[in-house]
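Asks: File follows, protein-v6.csv with CSV, C-alpha atoms:
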```
chain,number,residue,atom,x,y,z
X,642,MET,CA,2.6,-158.8,102.4
X,643,ALA,CA,0.7,-159.4,105.6
X,644,GLN,CA,2.2,-158.4,108.9
X,645,ARG,CA,0.8,-159.1,112.4
X,646,HIS,CA,0.4,-155.9,114.5
X,647,LEU,CA,-0.5,-157.5,117.8
X,648,ASP,CA,0.7,-160.7,119.5
X,649,PRO,CA,-2.2,-162.3,121.4
X,650,THR,CA,0.2,-164.0,123.8
X,651,ASP,CA,1.8,-160.7,124.8
X,652,PRO,CA,0.3,-159.6,128.2
X,653,THR,CA,0.9,-155.9,127.2
X,654,ALA,CA,-1.2,-156.3,124.0
X,655,ALA,CA,-4.4,-155.5,125.9
X,656,ALA,CA,-3.0,-152.0,126.8
X,657,GLY,CA,-2.4,-151.2,123.1
X,658,PRO,CA,-4.8,-149.9,120.6
X,659,PRO,CA,-8.2,-151.5,120.2
X,660,PRO,CA,-8.4,-154.4,117.7
X,661,VAL,CA,-9.3,-153.5,114.2
X,662,PRO,CA,-12.7,-154.7,112.8
X,663,ALA,CA,-12.9,-158.3,111.4
X,664,GLY,CA,-14.7,-159.8,108.6
X,665,GLY,CA,-16.7,-157.8,106.0
X,666,ASP,CA,-16.0,-154.6,108.0
X,667,ALA,CA,-12.3,-155.0,107.5
X,668,LEU,CA,-12.9,-155.6,103.8
X,669,ALA,CA,-15.0,-152.4,103.7
X,670,ASP,CA,-12.3,-150.5,105.4
X,671,TYR,CA,-9.7,-151.7,102.9
X,672,LEU,CA,-11.8,-150.8,99.9
X,673,ARG,CA,-12.5,-147.3,101.3
X,674,ALA,CA,-8.8,-146.8,102.0
X,675,GLN,CA,-7.9,-147.8,98.4
X,676,ALA,CA,-10.7,-145.6,97.0
X,677,THR,CA,-9.3,-142.7,99.0
X,678,GLU,CA,-5.8,-143.4,97.6
X,679,PHE,CA,-7.3,-143.5,94.1
X,680,LEU,CA,-8.9,-140.0,94.5
X,681,ARG,CA,-5.8,-138.6,96.1
X,682,ALA,CA,-3.7,-139.8,93.1
X,683,LEU,CA,-6.3,-138.5,90.7
X,684,ARG,CA,-6.1,-135.0,92.3
X,685,LEU,CA,-2.3,-135.0,92.2
X,686,HIS,CA,-2.4,-136.1,88.5
X,687,ARG,CA,-4.7,-133.2,87.6
X,688,GLU,CA,-2.7,-130.6,89.5
X,689,SER,CA,0.6,-131.7,88.0
X,690,GLY,CA,-0.8,-132.5,84.5
X,691,ALA,CA,-0.3,-129.0,83.1
X,692,GLY,CA,3.4,-129.1,83.4
X,693,ALA,CA,3.7,-132.6,82.2
X,694,HIS,CA,1.4,-132.4,79.1
X,695,GLY,CA,1.6,-128.7,78.3
X,696,ASN,CA,-2.1,-128.1,78.5
X,697,GLY,CA,-3.8,-125.8,81.0
X,698,ALA,CA,-6.4,-128.2,82.3
X,699,HIS,CA,-6.0,-132.0,82.7
X,700,PRO,CA,-9.1,-134.0,82.1
X,701,SER,CA,-9.1,-136.2,85.1
X,702,GLY,CA,-12.6,-136.4,86.6
X,703,ALA,CA,-13.1,-133.1,88.4
X,704,GLY,CA,-16.6,-134.1,89.7
X,705,ALA,CA,-15.1,-137.1,91.6
X,706,LEU,CA,-12.2,-135.0,92.8
X,707,ASP,CA,-14.4,-132.4,94.4
X,708,ARG,CA,-15.6,-135.1,96.8
X,709,GLY,CA,-12.1,-135.7,98.0
X,710,ARG,CA,-11.1,-132.1,98.3
X,711,GLY,CA,-8.2,-131.3,100.6
X,712,ARG,CA,-6.7,-134.8,100.4
X,713,GLY,CA,-4.1,-134.1,97.7
X,714,PRO,CA,-0.4,-133.5,98.6
X,715,ALA,CA,1.7,-130.9,96.9
X,716,PRO,CA,2.9,-132.1,93.5
X,717,ALA,CA,6.5,-133.2,93.3
X,718,PRO,CA,8.8,-132.5,90.4
X,719,ASP,CA,8.0,-135.9,89.0
X,720,GLY,CA,4.4,-135.6,90.1
X,721,PRO,CA,2.7,-137.0,86.9
X,722,VAL,CA,4.8,-140.1,87.0
X,723,ASP,CA,4.2,-140.7,90.7
X,724,ALA,CA,0.5,-139.9,90.4
X,725,ALA,CA,0.0,-142.3,87.5
X,726,ARG,CA,1.8,-145.0,89.4
X,727,ALA,CA,-0.3,-144.4,92.5
X,728,LEU,CA,-3.5,-144.4,90.4
X,729,ARG,CA,-2.6,-147.7,88.8
X,730,ARG,CA,-1.7,-149.2,92.2
X,731,ALA,CA,-5.0,-148.2,93.7
X,732,ALA,CA,-7.0,-149.4,90.7
X,733,ARG,CA,-5.2,-152.8,90.7
X,734,ARG,CA,-5.8,-153.3,94.3
X,735,LEU,CA,-9.5,-152.4,94.0
X,736,SER,CA,-10.0,-154.7,91.0
X,737,GLY,CA,-8.1,-157.6,92.6
X,738,THR,CA,-9.9,-157.3,95.9
X,739,LEU,CA,-13.3,-157.2,94.2
X,740,HIS,CA,-12.3,-160.4,92.3
X,741,THR,CA,-11.3,-162.3,95.5
X,742,PHE,CA,-14.0,-161.2,97.8
X,743,GLN,CA,-16.9,-160.8,95.3
X,744,PRO,CA,-19.2,-163.2,97.2
X,745,LEU,CA,-19.4,-160.7,100.1
X,746,LEU,CA,-20.2,-157.7,97.8
X,747,ASP,CA,-23.2,-156.7,95.7
X,748,ALA,CA,-22.8,-159.0,92.7
X,749,GLU,CA,-24.1,-156.6,90.0
X,750,TRP,CA,-22.0,-153.7,91.3
X,751,ALA,CA,-18.8,-155.8,91.5
X,752,GLU,CA,-19.3,-157.3,88.1
X,753,ALA,CA,-19.6,-153.9,86.5
X,754,MET,CA,-16.8,-152.3,88.5
X,755,ARG,CA,-14.0,-154.8,88.3
X,756,PRO,CA,-13.5,-154.8,84.5
X,757,GLU,CA,-13.6,-151.0,84.4
X,758,LEU,CA,-10.8,-150.8,87.0
X,759,ALA,CA,-8.8,-153.4,85.1
X,760,TRP,CA,-9.2,-151.4,81.9
X,761,LEU,CA,-8.0,-148.2,83.6
X,762,SER,CA,-5.0,-149.9,85.2
X,763,GLY,CA,-4.0,-151.5,82.0
X,764,THR,CA,-4.3,-148.4,79.9
X,765,LEU,CA,-2.2,-146.3,82.3
X,766,ALA,CA,0.5,-149.0,82.5
X,767,LEU,CA,1.2,-149.1,78.8
X,768,GLU,CA,3.3,-146.0,78.6
X,769,HIS,CA,5.5,-147.0,81.5
X,770,ALA,CA,5.9,-150.5,80.1
X,771,TYR,CA,7.2,-149.3,76.7
X,772,ALA,CA,9.6,-146.9,78.4
X,773,SER,CA,11.0,-149.6,80.7
X,774,ARG,CA,11.2,-152.0,77.8
X,775,LEU,CA,13.2,-149.6,75.7
X,776,ASP,CA,15.6,-148.9,78.6
X,777,ARG,CA,16.1,-152.6,79.2
X,778,LEU,CA,16.8,-153.4,75.6
X,779,LEU,CA,19.3,-150.5,75.1
X,780,GLN,CA,21.1,-151.4,78.3
X,781,ALA,CA,21.3,-155.0,77.1
X,782,LEU,CA,22.7,-153.9,73.7
X,783,HIS,CA,25.3,-151.8,75.5
X,784,ARG,CA,26.3,-154.7,77.6
X,785,LEU,CA,26.4,-157.2,74.8
X,786,SER,CA,28.3,-155.0,72.3
X,787,GLY,CA,30.7,-153.7,74.9
X,788,SER,CA,30.4,-150.1,73.6
X,789,ALA,CA,28.2,-147.1,74.0
X,790,ALA,CA,26.7,-147.4,70.5
X,791,PHE,CA,24.0,-144.9,71.1
X,792,PRO,CA,25.3,-142.1,73.4
X,793,ALA,CA,22.8,-139.6,72.3
X,794,GLN,CA,19.9,-141.6,73.6
X,795,GLN,CA,21.6,-142.3,76.9
X,796,GLN,CA,22.6,-138.7,77.6
X,797,ALA,CA,19.3,-137.2,76.6
X,798,GLY,CA,17.3,-139.9,78.2
X,799,ARG,CA,15.1,-139.9,75.1
X,800,ALA,CA,13.7,-136.6,76.2
X,801,ALA,CA,13.3,-135.6,72.5
X,802,PRO,CA,11.9,-138.5,70.5
X,803,ALA,CA,12.2,-136.5,67.3
X,804,ARG,CA,16.0,-137.1,67.4
X,805,ALA,CA,15.5,-140.8,67.1
X,806,ALA,CA,15.6,-140.7,63.3
X,807,ALA,CA,18.9,-138.9,63.4
X,808,THR,CA,20.5,-141.8,65.2
X,809,ALA,CA,19.8,-144.3,62.4
X,810,ASP,CA,23.3,-143.8,61.0
X,811,PRO,CA,26.0,-145.7,62.8
X,812,ALA,CA,27.5,-143.6,65.6
X,813,PRO,CA,31.2,-143.6,66.5
X,814,VAL,CA,31.9,-146.2,69.2
X,815,ALA,CA,32.8,-144.6,72.5
X,816,PRO,CA,35.1,-146.4,75.0
X,817,LEU,CA,33.7,-148.0,78.2
X,818,ALA,CA,34.4,-146.6,81.6
X,819,PRO,CA,37.7,-147.8,83.1
X,820,SER,CA,35.9,-149.8,85.8
X,821,VAL,CA,34.1,-152.0,83.2
X,822,THR,CA,35.8,-155.0,81.7
X,823,ARG,CA,36.0,-154.4,78.0
X,824,PRO,CA,35.2,-157.4,75.8
X,825,SER,CA,37.5,-158.6,73.1
X,826,PRO,CA,36.7,-156.7,69.8
X,827,ALA,CA,37.4,-159.9,67.9
X,828,ASP,CA,34.6,-161.6,69.8
X,829,ARG,CA,32.0,-158.9,69.5
X,830,GLY,CA,33.0,-157.0,66.4
X,831,ASN,CA,30.0,-158.0,64.3
X,832,LEU,CA,27.6,-157.2,67.1
X,833,THR,CA,29.1,-153.7,67.7
X,834,VAL,CA,28.6,-152.9,64.0
X,835,GLY,CA,24.9,-153.5,64.1
X,836,ALA,CA,24.3,-152.4,67.7
X,837,ALA,CA,23.9,-148.7,66.8
X,838,LYS,CA,21.3,-149.3,64.1
X,839,ALA,CA,19.6,-151.9,66.2
X,840,GLY,CA,19.3,-149.4,69.1
X,841,ALA,CA,18.0,-146.7,66.8
X,842,LEU,CA,15.4,-149.1,65.3
X,843,LEU,CA,14.2,-150.1,68.8
X,844,ASP,CA,14.2,-146.5,69.8
X,845,ARG,CA,12.0,-145.5,66.9
X,846,GLN,CA,9.5,-148.4,67.3
X,847,LEU,CA,9.2,-148.3,71.1
X,848,THR,CA,9.1,-144.5,71.3
X,849,LEU,CA,6.3,-144.4,68.8
X,850,ALA,CA,4.4,-147.1,70.8
X,851,ARG,CA,5.0,-145.1,74.0
X,852,THR,CA,3.7,-141.9,72.3
X,853,ARG,CA,0.6,-143.7,71.2
X,854,ALA,CA,0.1,-145.1,74.7
X,855,HIS,CA,0.5,-141.7,76.2
X,856,SER,CA,-2.2,-140.3,73.8
X,857,THR,CA,-4.4,-143.2,74.6
X,858,ALA,CA,-4.0,-142.6,78.4
X,859,LEU,CA,-4.9,-138.9,78.0
X,860,GLN,CA,-8.0,-139.8,75.9
X,861,ALA,CA,-9.0,-142.3,78.5
X,862,LEU,CA,-8.6,-139.8,81.4
X,863,GLY,CA,-10.9,-137.4,79.5
X,864,SER,CA,-13.5,-139.9,78.5
X,865,SER,CA,-17.0,-140.3,79.9
X,866,ARG,CA,-16.0,-143.9,80.7
X,867,PHE,CA,-13.3,-142.8,83.1
X,868,HIS,CA,-15.6,-140.1,84.6
X,869,ALA,CA,-18.1,-142.9,85.4
X,870,VAL,CA,-15.4,-145.0,87.1
X,871,ALA,CA,-14.1,-142.0,89.1
X,872,ASP,CA,-17.6,-141.2,90.3
X,873,LYS,CA,-18.1,-144.8,91.4
X,874,VAL,CA,-14.8,-144.9,93.2
X,875,ALA,CA,-15.7,-141.6,95.0
X,876,LEU,CA,-18.9,-143.2,96.2
X,877,LEU,CA,-17.0,-146.3,97.3
X,878,ALA,CA,-14.8,-144.1,99.5
X,879,SER,CA,-17.9,-143.4,101.6
X,880,GLU,CA,-20.1,-146.4,101.2
X,881,VAL,CA,-19.1,-150.0,100.3
X,882,PRO,CA,-22.0,-152.0,98.8
X,883,LEU,CA,-21.8,-155.2,100.8
X,884,LYS,CA,-24.1,-158.1,99.8
X,885,ASP,CA,-26.2,-158.0,102.9
X,886,THR,CA,-25.9,-157.4,106.6
X,887,ALA,CA,-24.5,-160.8,107.2
X,888,ALA,CA,-21.5,-160.0,105.0
X,889,ALA,CA,-20.3,-157.5,107.5
X,890,ALA,CA,-19.6,-160.3,110.0
X,891,ALA,CA,-18.4,-162.9,107.5
X,892,ASP,CA,-15.1,-164.6,107.8
X,893,LEU,CA,-12.6,-163.5,105.1
X,894,ARG,CA,-10.2,-166.4,105.6
X,895,PRO,CA,-12.0,-169.0,103.4
X,896,LEU,CA,-12.0,-166.6,100.4
X,897,ALA,CA,-8.4,-165.7,101.0
X,898,ALA,CA,-7.5,-169.4,101.3
X,899,ALA,CA,-9.2,-170.0,97.9
X,900,ALA,CA,-7.0,-167.3,96.3
X,901,ARG,CA,-4.0,-169.1,97.8
X,902,ASP,CA,-5.2,-172.5,96.5
X,903,ARG,CA,-5.6,-171.1,93.0
X,904,LEU,CA,-2.0,-169.8,93.2
X,905,THR,CA,-0.7,-173.1,94.5
X,906,ASP,CA,-2.4,-175.1,91.8
X,907,ALA,CA,-1.1,-172.8,89.1
X,908,VAL,CA,2.5,-173.1,90.5
X,909,ALA,CA,2.1,-176.9,90.6
X,910,ALA,CA,1.3,-176.9,86.9
X,911,LEU,CA,4.6,-175.0,86.1
X,912,PRO,CA,7.6,-177.0,84.9
X,913,LEU,CA,9.6,-176.2,88.1
X,914,VAL,CA,11.8,-179.3,87.7
X,915,THR,CA,13.0,-178.0,84.3
X,916,ALA,CA,13.3,-174.4,85.7
X,917,GLY,CA,15.4,-175.8,88.5
X,918,ASN,CA,18.4,-176.0,86.0
X,919,PRO,CA,20.3,-172.7,85.8
X,920,TYR,CA,20.7,-173.3,82.0
X,921,ASN,CA,17.5,-174.7,80.6
X,922,ALA,CA,18.6,-175.7,77.1
X,923,GLN,CA,15.3,-177.4,76.2
X,924,ALA,CA,13.2,-174.3,76.9
X,925,LEU,CA,15.8,-172.1,75.1
X,926,VAL,CA,15.4,-174.2,72.0
X,927,HIS,CA,11.7,-173.3,71.9
X,928,GLY,CA,12.2,-169.7,73.1
X,929,LEU,CA,14.7,-169.0,70.3
X,930,SER,CA,12.5,-170.4,67.6
X,931,PRO,CA,11.8,-168.2,64.6
X,932,ASP,CA,8.1,-168.8,65.2
X,933,PRO,CA,6.6,-165.3,65.9
X,934,ALA,CA,4.1,-166.8,68.3
X,935,PRO,CA,4.9,-166.4,72.0
X,936,HIS,CA,6.4,-169.3,73.8
X,937,PRO,CA,3.5,-171.4,75.2
X,938,GLN,CA,5.1,-171.6,78.6
X,939,ASP,CA,5.2,-167.8,79.0
X,940,ALA,CA,1.4,-167.6,79.4
X,941,GLN,CA,1.5,-170.0,82.3
X,942,TRP,CA,4.1,-167.9,84.1
X,943,HIS,CA,2.2,-164.7,83.5
X,944,GLN,CA,-0.9,-166.3,84.9
X,945,VAL,CA,1.0,-167.3,88.1
X,946,ARG,CA,2.2,-163.7,88.4
X,947,LEU,CA,-1.4,-162.4,88.3
X,948,LEU,CA,-2.6,-165.0,90.9
X,949,LEU,CA,0.3,-164.2,93.1
X,950,ARG,CA,-0.7,-160.5,93.0
X,951,LEU,CA,-4.3,-161.5,94.0
X,952,HIS,CA,-2.9,-163.6,96.8
X,953,ARG,CA,-0.9,-160.7,98.1
X,954,TYR,CA,-3.9,-158.3,98.0
X,955,ALA,CA,-5.9,-160.9,100.0
X,956,LEU,CA,-3.2,-160.9,102.6
X,957,GLU,CA,-3.3,-157.1,102.8
X,958,VAL,CA,-7.0,-157.3,103.6
X,959,LEU,CA,-6.3,-159.9,106.2
X,960,ALA,CA,-3.5,-157.8,107.7
X,961,GLY,CA,-6.2,-155.4,108.9
X,962,THR,CA,-7.9,-158.1,111.0
X,963,ASP,CA,-6.9,-160.1,114.0
X,964,ALA,CA,-7.3,-163.3,112.0
X,965,GLU,CA,-4.4,-165.6,111.2
X,966,ASP,CA,-2.6,-165.3,107.9
X,967,ALA,CA,-3.8,-167.4,105.0
X,968,ASP,CA,-0.2,-168.7,104.7
X,969,GLY,CA,0.3,-170.1,108.2
X,970,ALA,CA,-1.8,-171.0,111.2
X,971,ASP,CA,1.1,-170.2,113.5
X,972,GLY,CA,1.3,-166.6,112.6
X,973,THR,CA,4.2,-166.8,110.2
X,974,THR,CA,4.5,-164.4,107.3
X,975,ASP,CA,5.6,-165.9,104.0
X,976,VAL,CA,8.4,-163.7,102.9
X,977,ARG,CA,8.8,-165.8,99.8
X,978,LEU,CA,6.1,-163.8,98.2
X,979,LEU,CA,8.3,-160.7,97.8
X,980,ALA,CA,11.2,-162.6,96.1
X,981,ALA,CA,8.8,-164.7,94.0
X,982,GLY,CA,6.9,-161.6,92.8
X,983,GLU,CA,10.2,-159.9,91.8
X,984,ALA,CA,11.3,-162.9,89.9
X,985,LEU,CA,8.0,-163.1,88.0
X,986,ASP,CA,8.2,-159.3,87.2
X,987,ARG,CA,11.6,-159.9,85.7
X,988,HIS,CA,10.2,-162.8,83.8
X,989,ARG,CA,7.4,-160.7,82.3
X,990,ASP,CA,9.8,-157.9,81.4
X,991,ALA,CA,12.3,-160.2,79.8
X,992,SER,CA,9.8,-162.1,77.8
X,993,GLU,CA,8.2,-158.9,76.5
X,994,ALA,CA,11.6,-157.4,75.7
X,995,ALA,CA,12.5,-160.6,73.8
X,996,ALA,CA,9.3,-160.3,71.8
X,997,ALA,CA,10.0,-156.6,71.0
X,998,ALA,CA,13.5,-157.6,69.8
X,999,ALA,CA,12.1,-160.3,67.6
X,1000,GLN,CA,9.5,-157.9,66.2
X,1001,ALA,CA,12.2,-155.4,65.3
X,1002,ALA,CA,14.2,-158.1,63.6
X,1003,ARG,CA,11.3,-158.8,61.3
X,1004,THR,CA,11.5,-155.2,60.0
X,1005,PRO,CA,11.9,-155.4,56.2
X,1006,ARG,CA,15.1,-154.3,54.5
X,1007,ILE,CA,17.3,-154.0,57.6
X,1008,ALA,CA,21.0,-154.6,57.3
X,1009,PRO,CA,22.3,-158.1,58.2
X,1010,ALA,CA,24.5,-156.7,61.0
X,1011,THR,CA,21.4,-155.1,62.5
X,1012,ALA,CA,19.4,-158.3,62.3
X,1013,TYR,CA,22.3,-160.2,63.9
X,1014,ALA,CA,22.4,-157.7,66.8
X,1015,LEU,CA,18.7,-158.0,67.3
X,1016,GLY,CA,19.0,-161.8,67.2
X,1017,VAL,CA,21.7,-161.8,69.9
X,1018,LEU,CA,19.5,-159.4,71.9
X,1019,HIS,CA,16.5,-161.7,71.6
X,1020,ALA,CA,18.6,-164.7,72.8
X,1021,ASP,CA,20.0,-162.7,75.7
X,1022,GLN,CA,16.4,-161.8,76.9
X,1023,ARG,CA,15.3,-165.4,76.6
X,1024,HIS,CA,18.3,-166.3,78.8
X,1025,GLU,CA,16.9,-163.7,81.2
X,1026,VAL,CA,13.5,-165.4,81.1
X,1027,GLU,CA,15.1,-168.7,82.1
X,1028,ALA,CA,17.1,-167.0,84.9
X,1029,ALA,CA,13.9,-165.5,86.3
X,1030,ARG,CA,12.2,-168.9,86.2
X,1031,TYR,CA,15.1,-170.4,88.1
X,1032,ALA,CA,15.0,-167.6,90.7
X,1033,PHE,CA,11.3,-168.1,91.2
X,1034,GLN,CA,11.5,-171.8,91.8
X,1035,HIS,CA,14.5,-171.3,94.1
X,1036,SER,CA,12.5,-168.7,96.2
X,1037,TRP,CA,9.2,-170.5,96.1
X,1038,ARG,CA,10.6,-173.8,97.6
X,1039,LYS,CA,11.9,-172.0,100.7
X,1040,GLU,CA,10.2,-172.4,104.0
X,1041,PRO,CA,8.1,-169.6,105.4
X,1042,ILE,CA,10.0,-167.4,107.8
X,1043,ARG,CA,8.6,-165.9,110.9
X,1044,LEU,CA,9.1,-162.1,111.2
```
Could you spell out this file's structure in structure tokens?
Replies:
Amino acid sequence: MAQRHLDPTDPTAAAGPPPVPAGGDALADYLRAQATEFLRALRLHRESGAGAHGNGAHPSGAGALDRGRGRGPAPAPDGPVDAARALRRAARRLSGTLHTFQPLLDAEWAEAMRPELAWLSGTLALEHAYASRLDRLLQALHRLSGSAAFPAQQQAGRAAPARAAATADPAPVAPLAPSVTRPSPADRGNLTVGAAKAGALLDRQLTLARTRAHSTALQALGSSRFHAVADKVALLASEVPLKDTAAAAADLRPLAAAARDRLTDAVAALPLVTAGNPYNAQALVHGLSPDPAPHPQDAQWHQVRLLLRLHRYALEVLAGTDAEDADGADGTTDVRLLAAGEALDRHRDASEAAAAAAQAARTPRIAPATAYALGVLHADQRHEVEAARYAFQHSWRKEPIRL
């Protein structure tokens, strides 16, 4: 989110630090900073990779890392997780910035670089997505059934995926903590019976998917394709290929405003009037359909989430200039973006979790109680989807607030 560092009307502003570069120079500074963060995260991932993956050397682009020597901080206990997150963050921002401000950059270089960064970010995000989806579904099962139907997975944190098969048998139901209101057994008895097997089935499927995503990420980090991307990012950290000399003095605000307009048009196409109801029965009828195809509205909301991210990245670039925000000519900062982005993230997580529950329910030869529990779980996540849509429209229609 963009923040203004200097107030032009403040008489003491002249005594502060000199103004930061404007135009294409600010874009170049932002790209160089993100490239440096990419290399720093890459070095941290290599240094902490041995403890995380059990191999002595982690294939993570040593040639590119040598150019950024001395930049890496000491690895933390959860270094691989933090490094992968930072790597995805830098790759997303580089790819999104190249997309928004491509007219100011060398066209051939940007066209070749942007999809490679998107590929890397998407590949590294899969493992975390599967782990978060499993946690979300198991917690929802626990909440809906009113019992700890799978204590082994909760205590071990799924540190040993090999134990998942052992949890296929129904586990004894443990009581809830005294501070939690216990639901009536008569109301949720059938759900509790199938919750253990449903949790074990989801654990097996999503843990397998997470393991495959982990292997895919390791292969990607050791591939020649990744080495080429890392080398190009290392060059970007020192030299940004602008289109021409005139691009260095170009105004960034029209391109940032175009990103904002694309977001505004996409939001206008959403059914915000329907999403304004806390309980959207019409959408739930389609969302709970046995049709395995995703709900057609979900794709629209996912697209808005991506456009909102591009808009935020454009504001981050503008935050390094003395230009006005793309969201307000009076210097206001639109704090709606944070709440709207969080609502869209919840929407994405809930819709994907509902799809995973529906996929598990289509497993052949599962017990009726297991299928029932998965059906209730699917309906619960579709309710979460509608709640996220309601939260988005509620935050989006608020007025911008001056910070």
Asks: Residues within 9 Å of (-13.7, -147.8, 100.9), file coordinates, counting all atoms listed in the file: what are they? Give the list as an NGL selection string.
Replies: :X and (668-677 or 874-881)
Asks: Mind listing as a ChimeraX atom specification all residues within 12 Å of (0.7, -163.7, 81.9), counting only C-alpha atoms?
Replies: /X:907,935-950,985-986,988-990,992-993
Asks: For Thr741 in chain X, please output as a ChimeraX atom specification all residues within 7 Å (counting only C-alpha atoms; exclusion window: fewer than 3 positions along the same chain).
Replies: /X:737-738,896,900
Asks: For Ala836 in chain X, which of X:Leu680, X:Ala781, X:Ala861, X:Ala727 is the closest residue, counting all atoms listed in the file?
Replies: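 Of X:Leu680, X:Ala781, X:Ala861, X:Ala727, the one nearest Ala836 in chain X is X:Ala781, counting all atoms listed in the file.
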Asks: Rounded to one decimal, what separation in Å do you get between CA of Arg977 in chain X and CA of Val958 in chain X?
Replies: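 Pair CA of Arg977 in chain X / CA of Val958 in chain X returns 18.3 Å.
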Asks: Counting all atoms listed in the file, which residue out of X:Gln780, X:Ser864, X:Ser736, X:Gln1000 sits closest to Ser762 in chain X?
Replies: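 Among the listed residues, the smallest separation from Ser762 in chain X belongs to X:Ser736.
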Asks: Quote the spacing between CA of Arg1030 in chain X and CA of Leu951 in chain X in Å to one decimal place.
Replies: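 Atom-to-atom, CA of Arg1030 in chain X to CA of Leu951 in chain X, that is 19.7 Å.
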Asks: By how many Å are CA of Val834 in chain X and CA of Thr1011 in chain X apart?
Replies: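 These atoms are spaced 7.7 Å apart.
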Asks: Show me, as a list in words, the residues that have an atom within 9 Å of range 847-857 of chain X when counting all atoms listed in the file, minus same-chain residues fewer than 2 positions from it.
Replies: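 Counting only the stated atoms, we get Thr764, Leu765, Ala766, Leu767, Glu768, His769, Ala770, Tyr771, Ala772, Arg774, Leu775, Arg799, Pro802, Ala805, Leu842, Leu843, Asp844, Arg845, Leu859, Gln860, Ala861, Leu862 and Ala997 of chain X.
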Asks: Selection from above, C-alpha atoms, as a short mmCIF file (atom, residue, chain, number, x, y, z; two decimals), in the coordinates of the input, can you write it?
Replies:
```
data_model
loop_
_atom_site.label_atom_id
_atom_site.label_comp_id
_atom_site.auth_asym_id
_atom_site.auth_seq_id
_atom_site.Cartn_x
_atom_site.Cartn_y
_atom_site.Cartn_z
CA THR X 764 -4.30 -148.40 79.90
CA LEU X 765 -2.20 -146.30 82.30
CA ALA X 766 0.50 -149.00 82.50
CA LEU X 767 1.20 -149.10 78.80
CA GLU X 768 3.30 -146.00 78.60
CA HIS X 769 5.50 -147.00 81.50
CA ALA X 770 5.90 -150.50 80.10
CA TYR X 771 7.20 -149.30 76.70
CA ALA X 772 9.60 -146.90 78.40
CA ARG X 774 11.20 -152.00 77.80
CA LEU X 775 13.20 -149.60 75.70
CA ARG X 799 15.10 -139.90 75.10
CA PRO X 802 11.90 -138.50 70.50
CA ALA X 805 15.50 -140.80 67.10
CA LEU X 842 15.40 -149.10 65.30
CA LEU X 843 14.20 -150.10 68.80
CA ASP X 844 14.20 -146.50 69.80
CA ARG X 845 12.00 -145.50 66.90
CA LEU X 859 -4.90 -138.90 78.00
CA GLN X 860 -8.00 -139.80 75.90
CA ALA X 861 -9.00 -142.30 78.50
CA LEU X 862 -8.60 -139.80 81.40
CA ALA X 997 10.00 -156.60 71.00
#
```
Asks: Using only C-alpha atoms, find the one residue out of X:Ala910, X:Ala841, X:Ala955, X:Ala732 that sits nearest to Ala898 in chain X.
Replies: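 Between X:Ala910, X:Ala841, X:Ala955, X:Ala732, the residue approaching Ala898 in chain X most closely is X:Ala955.
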Asks: What lies within 7 Å of Ala981 in chain X using all atoms listed in the file, ignoring chain neighbours under 2 positions off, as a PDB file with C-alpha atoms, in the frame of the given file?
Replies:
```pdb
ATOM      1  CA  ARG X 977       8.800-165.800  99.800  1.00  0.00           C
ATOM      2  CA  LEU X 978       6.100-163.800  98.200  1.00  0.00           C
ATOM      3  CA  LEU X 979       8.300-160.700  97.800  1.00  0.00           C
ATOM      4  CA  GLU X 983      10.200-159.900  91.800  1.00  0.00           C
ATOM      5  CA  ALA X 984      11.300-162.900  89.900  1.00  0.00           C
ATOM      6  CA  LEU X 985       8.000-163.100  88.000  1.00  0.00           C
ATOM      7  CA  PHE X1033      11.300-168.100  91.200  1.00  0.00           C
ATOM      8  CA  SER X1036      12.500-168.700  96.200  1.00  0.00           C
ATOM      9  CA  TRP X1037       9.200-170.500  96.100  1.00  0.00           C
TER      10      TRP X1037
END
```
